[in-house]
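Visitor: Below is a structure I'd like to ask you about.
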Protein chains: 2
Amino acid sequence: MTFRFEVLHTSRKSRARVGRIHTPHGIIDTPNFVAVGTNGTLKALDNACVEEIGLQLMFCNTYHLLLQPGVEVVRRAGGLHRFINRRMPIITDSGGFQVFSLAYGSVADELKSRGSKKQDGQVLKISEEGVLFRSYRDGSKVLLTPETSIQAQKALGADIIIPFDELPPYHITPDALRASLDRTHRWEKRSLEEHLKNPQNQAMYAVIHGGVDLAMRQESVGILSQLPFDGFAIGGSLGKTKPEMVEMLSGVLPCLPLEKPNHLLGIGDLESLAQCVPLGVDTFDSSYPTRAARHGMLLTQEGRLKVEQGSHINHFGPIEPHCTCPTCKNFTLGYLHHLFKAKELTAYTLATIHNLHFMVDLMGQYRQAILEDLI
Amino acid sequence: MTFRFEVLHTSRKSRARVGRIHTPHGIIDTPNFVAVGTNGTLKALDNACVEEIGLQLMFCNTYHLLLQPGVEVVRRAGGLHRFINRRMPIITDSGGFQVFSLAYGSVADELKSRGSKKQDGQVLKISEEGVLFRSYRDGSKVLLTPETSIQAQKALGADIIIPFDELPPYHITPDALRASLDRTHRWEKRSLEEHLKNPQNQAMYAVIHGGVDLAMRQESVGILSQLPFDGFAIGGSLGKTKPEMVEMLSGVLPCLPLEKPNHLLGIGDLESLAQCVPLGVDTFDSSYPTRAARHGMLLTQEGRLKVEQGSHINHFGPIEPHCTCPTCKNFTLGYLHHLFKAKELTAYTLATIHNLHFMVDLMGQYRQAILEDLI
């Protein structure tokens, strides 16, 4: 089965659409949520459980897998699917995001003026060739280039892969943004060329850049959609507030080829989903629901629920009355409250199961609403 | 179903025996291993999974549940089985062990001369009535007496409960040991009386004390076996080495009534099991296999395996070739190695599943060997 995307229905009310991405490891119904399993596992959950919950696409980070256990290990194991025991689709990124976060700090760090991150000095050299950095695991020097990133992603063997891009900082001069965008396009082209030497049934999504400059974003779409990418990811800073992000996406998404799937990188909180599904975003990845779970924040139809809140101690029903997740079927909110208070690891697992199931359910509801032209 | 014990077979080669403890929540085949779920959960595992693995008896700590979430919460939830969603048997202790560990430190602390523990000062008063201590959770004063301990265990509703006893320190004068033993017997008698006011289908095991003095141990058996306890637990320090423990148990176990089940408190490492099953011990509780799992120590037929050992990185088969546990069926040792290196919570869960399954399997092998008079 090779990669293929079909649009089943576009809402009459918005740009929202229901589609289906066919991959070598099965179908991804869109719009959909993609959970982040950085090291080849969702935190506190095993992959057999993740498949049972029905998460159709899982995001793994090349940067982390490159450093631990190393891509050669994964190759010898028979690829990432076999290594982590996942039969359903996987997407990997290029490693660029993490490397540049080391260099510049995250956008959030910048906005909160946290200043330089403690990893400063780990990035040794950024050049046209790529980025030389120091492994946080063993101090060895690692060179990440468009070619080595794609070779790593070939060894991992995910269904969808991402070209190596430069992630510019949020605070940047127009000239520097221009230089970064041009270099990103050169790097993405080199990545695509490396990929096409040996496609291995993998699909590659281009990454649209241009920071908070709509004209540059549209230029990025124009350039990258000339190349035979299989889909489009939207990366980099889209603004410092949600309204700015929505405004930017409203300008970018209509420029993307309708017949190809798109992915919004690193954004998947509930508010953003509600605002971006109508704009026509097909997939979203975020660690929000799993991280929220570990912090005792449970997602429900009625809103967020803080499990450690005192009033839950005597709640002997499930988190949500009609929830069909394994946590709600087996355990009460009161018990979960107790496990969190007692700092039991089991608490993190049970909460993660619920939140992930909630996301799978929520995206099904979005698809149904689009099919009925309700959003 | 009320509590009942039957001996099915006693080995012709040793005092080892195969039996069956019938409880309101099902059967416990003996000899058996009892995993410790202090706060109402095994660490890193949910109770649905624990039942699937086939762990027939689970140990919960009254001391911890008393302080968090409080026994009234558990009572309102419908008892411990409903609160934690376990349909199979549960045993609770009296809380005495933890309270006296606060006062004296553990035997291990004493032997390693760790001196006073940081919780010193949490025990406010020890008197004939019981022990007054300060909650580590909210600083409130809690009075634990034979009566309040049993009332707490009534609210929890475990299948097997334990009378309130005094845990003397390992280093103790003969006079002090004598005084402690006499008081323990008075406390156990008061506990039994409190229990028999409202048996609730629970069984109560006496706790044999007497420290490292065999004559006192035998006296303890003599006194406690005159009372209508349903079984016998062996508590307190049995010596500072395994040979000392085995020698002491060799002297104590033959004095116990054969028709009642016995339990060795807090001991369940593999070496002790091998040495104590032939002595006729019926059940063992220990946090060893679950704690070992979280430290990356996997139990196998070939001995202990350190999962983070470098050579495992390229091992793409299960931990053990013929293991039928969910971890071995789904994941490789190499993947587990990676998860431990990456410090993923999932690692602790997968390792715990394997070790607990190993213990369930091992005890089945012991029972089979006894039935065949091999040990």
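Residue numbers start at 1 in each chain; chains themselves are named A, B, ... in the order of the structure tokens; ligands are numbered from 1 in the order shown.
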Run DSSP on the backbone and grab whatever in range 83-270 of chain A lands in helix (DSSP H, G or I); send it over as a ChimeraX atom specification.
Guide: /A:83-84,96-104,107-111,146-156,174-196,214-224,242-255,270
Visitor: Can you write out the residues you just picked, keeping C-alpha atoms, as an mmCIF file, in the first residue's frame?
Guide:
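Final output, again_11.cif:
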```cif
data_model
loop_
_atom_site.group_PDB
_atom_site.id
_atom_site.type_symbol
_atom_site.label_atom_id
_atom_site.label_comp_id
_atom_site.auth_asym_id
_atom_site.auth_seq_id
_atom_site.Cartn_x
_atom_site.Cartn_y
_atom_site.Cartn_z
ATOM 1 C CA PHE A 83 11.149 -1.919 17.437
ATOM 2 C CA ILE A 84 8.321 -0.255 19.336
ATOM 3 C CA GLY A 96 15.621 20.174 13.213
ATOM 4 C CA PHE A 97 13.081 21.458 15.687
ATOM 5 C CA GLN A 98 14.951 20.074 18.699
ATOM 6 C CA VAL A 99 18.361 21.130 17.467
ATOM 7 C CA PHE A 100 17.259 24.702 16.866
ATOM 8 C CA SER A 101 15.383 24.787 20.151
ATOM 9 C CA LEU A 102 18.758 24.058 21.728
ATOM 10 C CA ALA A 103 20.287 26.971 19.838
ATOM 11 C CA TYR A 104 17.577 29.588 20.284
ATOM 12 C CA VAL A 107 9.363 30.480 21.188
ATOM 13 C CA ALA A 108 7.692 30.208 24.596
ATOM 14 C CA ASP A 109 11.060 30.773 26.253
ATOM 15 C CA GLU A 110 11.624 33.823 24.117
ATOM 16 C CA LEU A 111 8.200 35.265 24.798
ATOM 17 C CA PRO A 146 19.291 17.354 5.224
ATOM 18 C CA GLU A 147 20.988 14.167 4.055
ATOM 19 C CA THR A 148 21.772 12.645 7.474
ATOM 20 C CA SER A 149 18.309 13.508 8.801
ATOM 21 C CA ILE A 150 16.648 11.744 5.895
ATOM 22 C CA GLN A 151 19.022 8.778 6.147
ATOM 23 C CA ALA A 152 18.057 8.506 9.810
ATOM 24 C CA GLN A 153 14.382 8.694 8.942
ATOM 25 C CA LYS A 154 14.951 5.975 6.303
ATOM 26 C CA ALA A 155 16.390 3.712 8.985
ATOM 27 C CA LEU A 156 13.457 4.456 11.281
ATOM 28 C CA PRO A 174 13.267 40.685 8.269
ATOM 29 C CA ASP A 175 16.661 40.127 6.627
ATOM 30 C CA ALA A 176 17.518 37.224 8.870
ATOM 31 C CA LEU A 177 14.068 35.683 8.336
ATOM 32 C CA ARG A 178 14.558 36.004 4.571
ATOM 33 C CA ALA A 179 17.959 34.271 4.806
ATOM 34 C CA SER A 180 16.551 31.548 7.022
ATOM 35 C CA LEU A 181 13.587 30.933 4.707
ATOM 36 C CA ASP A 182 15.810 30.651 1.652
ATOM 37 C CA ARG A 183 18.110 28.235 3.438
ATOM 38 C CA THR A 184 15.143 26.178 4.663
ATOM 39 C CA HIS A 185 13.929 25.851 1.102
ATOM 40 C CA ARG A 186 17.386 24.714 -0.031
ATOM 41 C CA TRP A 187 17.535 22.224 2.851
ATOM 42 C CA GLU A 188 14.058 20.897 2.143
ATOM 43 C CA LYS A 189 14.933 20.426 -1.526
ATOM 44 C CA ARG A 190 18.092 18.527 -0.558
ATOM 45 C CA SER A 191 15.989 16.434 1.852
ATOM 46 C CA LEU A 192 13.512 15.600 -0.882
ATOM 47 C CA GLU A 193 16.297 14.615 -3.266
ATOM 48 C CA GLU A 194 17.808 12.351 -0.630
ATOM 49 C CA HIS A 195 14.365 10.843 0.031
ATOM 50 C CA LEU A 196 13.618 10.210 -3.630
ATOM 51 C CA LEU A 214 2.211 36.160 5.668
ATOM 52 C CA ALA A 215 3.826 37.087 2.370
ATOM 53 C CA MET A 216 6.827 34.906 3.165
ATOM 54 C CA ARG A 217 4.520 32.091 4.268
ATOM 55 C CA GLN A 218 2.666 32.298 0.967
ATOM 56 C CA GLU A 219 5.961 32.415 -0.906
ATOM 57 C CA SER A 220 7.030 29.275 1.011
ATOM 58 C CA VAL A 221 3.862 27.494 -0.086
ATOM 59 C CA GLY A 222 4.448 28.614 -3.650
ATOM 60 C CA ILE A 223 8.005 27.292 -3.760
ATOM 61 C CA LEU A 224 7.434 24.029 -1.906
ATOM 62 C CA LYS A 242 -3.898 32.214 19.312
ATOM 63 C CA PRO A 243 -5.700 34.960 17.343
ATOM 64 C CA GLU A 244 -2.419 35.740 15.536
ATOM 65 C CA MET A 245 -1.972 32.034 14.767
ATOM 66 C CA VAL A 246 -5.533 31.712 13.461
ATOM 67 C CA GLU A 247 -5.133 34.803 11.302
ATOM 68 C CA MET A 248 -1.906 33.470 9.849
ATOM 69 C CA LEU A 249 -3.364 30.033 9.156
ATOM 70 C CA SER A 250 -6.412 31.647 7.544
ATOM 71 C CA GLY A 251 -4.015 33.210 5.070
ATOM 72 C CA VAL A 252 -1.801 30.175 4.511
ATOM 73 C CA LEU A 253 -4.179 27.211 4.306
ATOM 74 C CA PRO A 254 -6.154 28.426 1.270
ATOM 75 C CA CYS A 255 -2.873 28.531 -0.674
ATOM 76 C CA LEU A 270 -8.591 21.843 22.535
#
```
Visitor: Please check the contacts: residues of chain B at most 6 Å away from chain A, using only C-alpha atoms, listed as a list in words.
Guide: Ala44, Leu45, Asp46, Pro69, His338, Leu345 and Thr346 of chain B
Visitor: Could you list, as number ranges by chain, every residue within 7 Å of Gly235 in chain A, counting only C-alpha atoms and ignoring same-chain residues fewer than 2 positions away?
Guide: A: 207-209, 233, 237, 264-265
Visitor: Using only C-alpha atoms, which residues sit within 6 Å of Ile267 in chain B once same-chain residues fewer than 2 positions away are excluded, as number ranges by chain?
Guide: B: 265, 284-286
Visitor: Can you spit out the residues from that selection as a CSV table (one decimal), in the first residue's frame, using N, CA and C atoms?
Guide:
```
chain,number,residue,atom,x,y,z
B,265,LEU,N,5.7,-12.6,56.9
B,265,LEU,CA,5.5,-11.2,56.6
B,265,LEU,C,6.7,-10.5,56.0
B,284,PHE,N,3.8,-15.6,51.2
B,284,PHE,CA,4.9,-14.7,51.3
B,284,PHE,C,4.5,-13.4,50.7
B,285,ASP,N,4.7,-12.3,51.4
B,285,ASP,CA,4.5,-11.0,50.7
B,285,ASP,C,5.8,-10.2,50.7
B,286,SER,N,6.0,-9.5,49.6
B,286,SER,CA,7.2,-8.8,49.4
B,286,SER,C,7.1,-7.8,48.3
```
Visitor: Excluding range 24-36 of chain A and its own-chain neighbours fewer than 2 positions away, which residues fall within 6 Å of it when counting only C-alpha atoms? Please give them as a list in words.
Guide: Met1, Thr2, Val18, Gly19, Arg20, Ile21, His22, Thr38, Gln56, Leu57, Met58, Phe59, Met88, Pro89, Asp282, Thr283, Phe284, Asp285, Ser286, Ser287 and Met363 of chain A
Visitor: Contacts of Leu55 in chain A at 7 Å or less, counting only C-alpha atoms, minus same-chain residues fewer than 3 places along, as number ranges by chain?
Guide: A: 50-51, 360
Visitor: Please identify the strand (DSSP E) residues within range 165-342 of chain B (assignment by DSSP from backbone atoms) and present them as a list of chain:residue names.
Guide: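 Going through range 165-342 of chain B, the strand (DSSP E) residues come out as B:Ala203, B:Met204, B:Tyr205, B:Ala206, B:Val207, B:Ile208, B:Gly231, B:Phe232, B:Ala233, B:Ile234, B:Asn262, B:His263, B:Leu264, B:Thr283, B:Phe284, B:Asp285, B:Ser286, B:Met297, B:Leu298, B:Leu299, B:Thr300, B:Gly303, B:Arg304, B:Leu305, B:Lys306.
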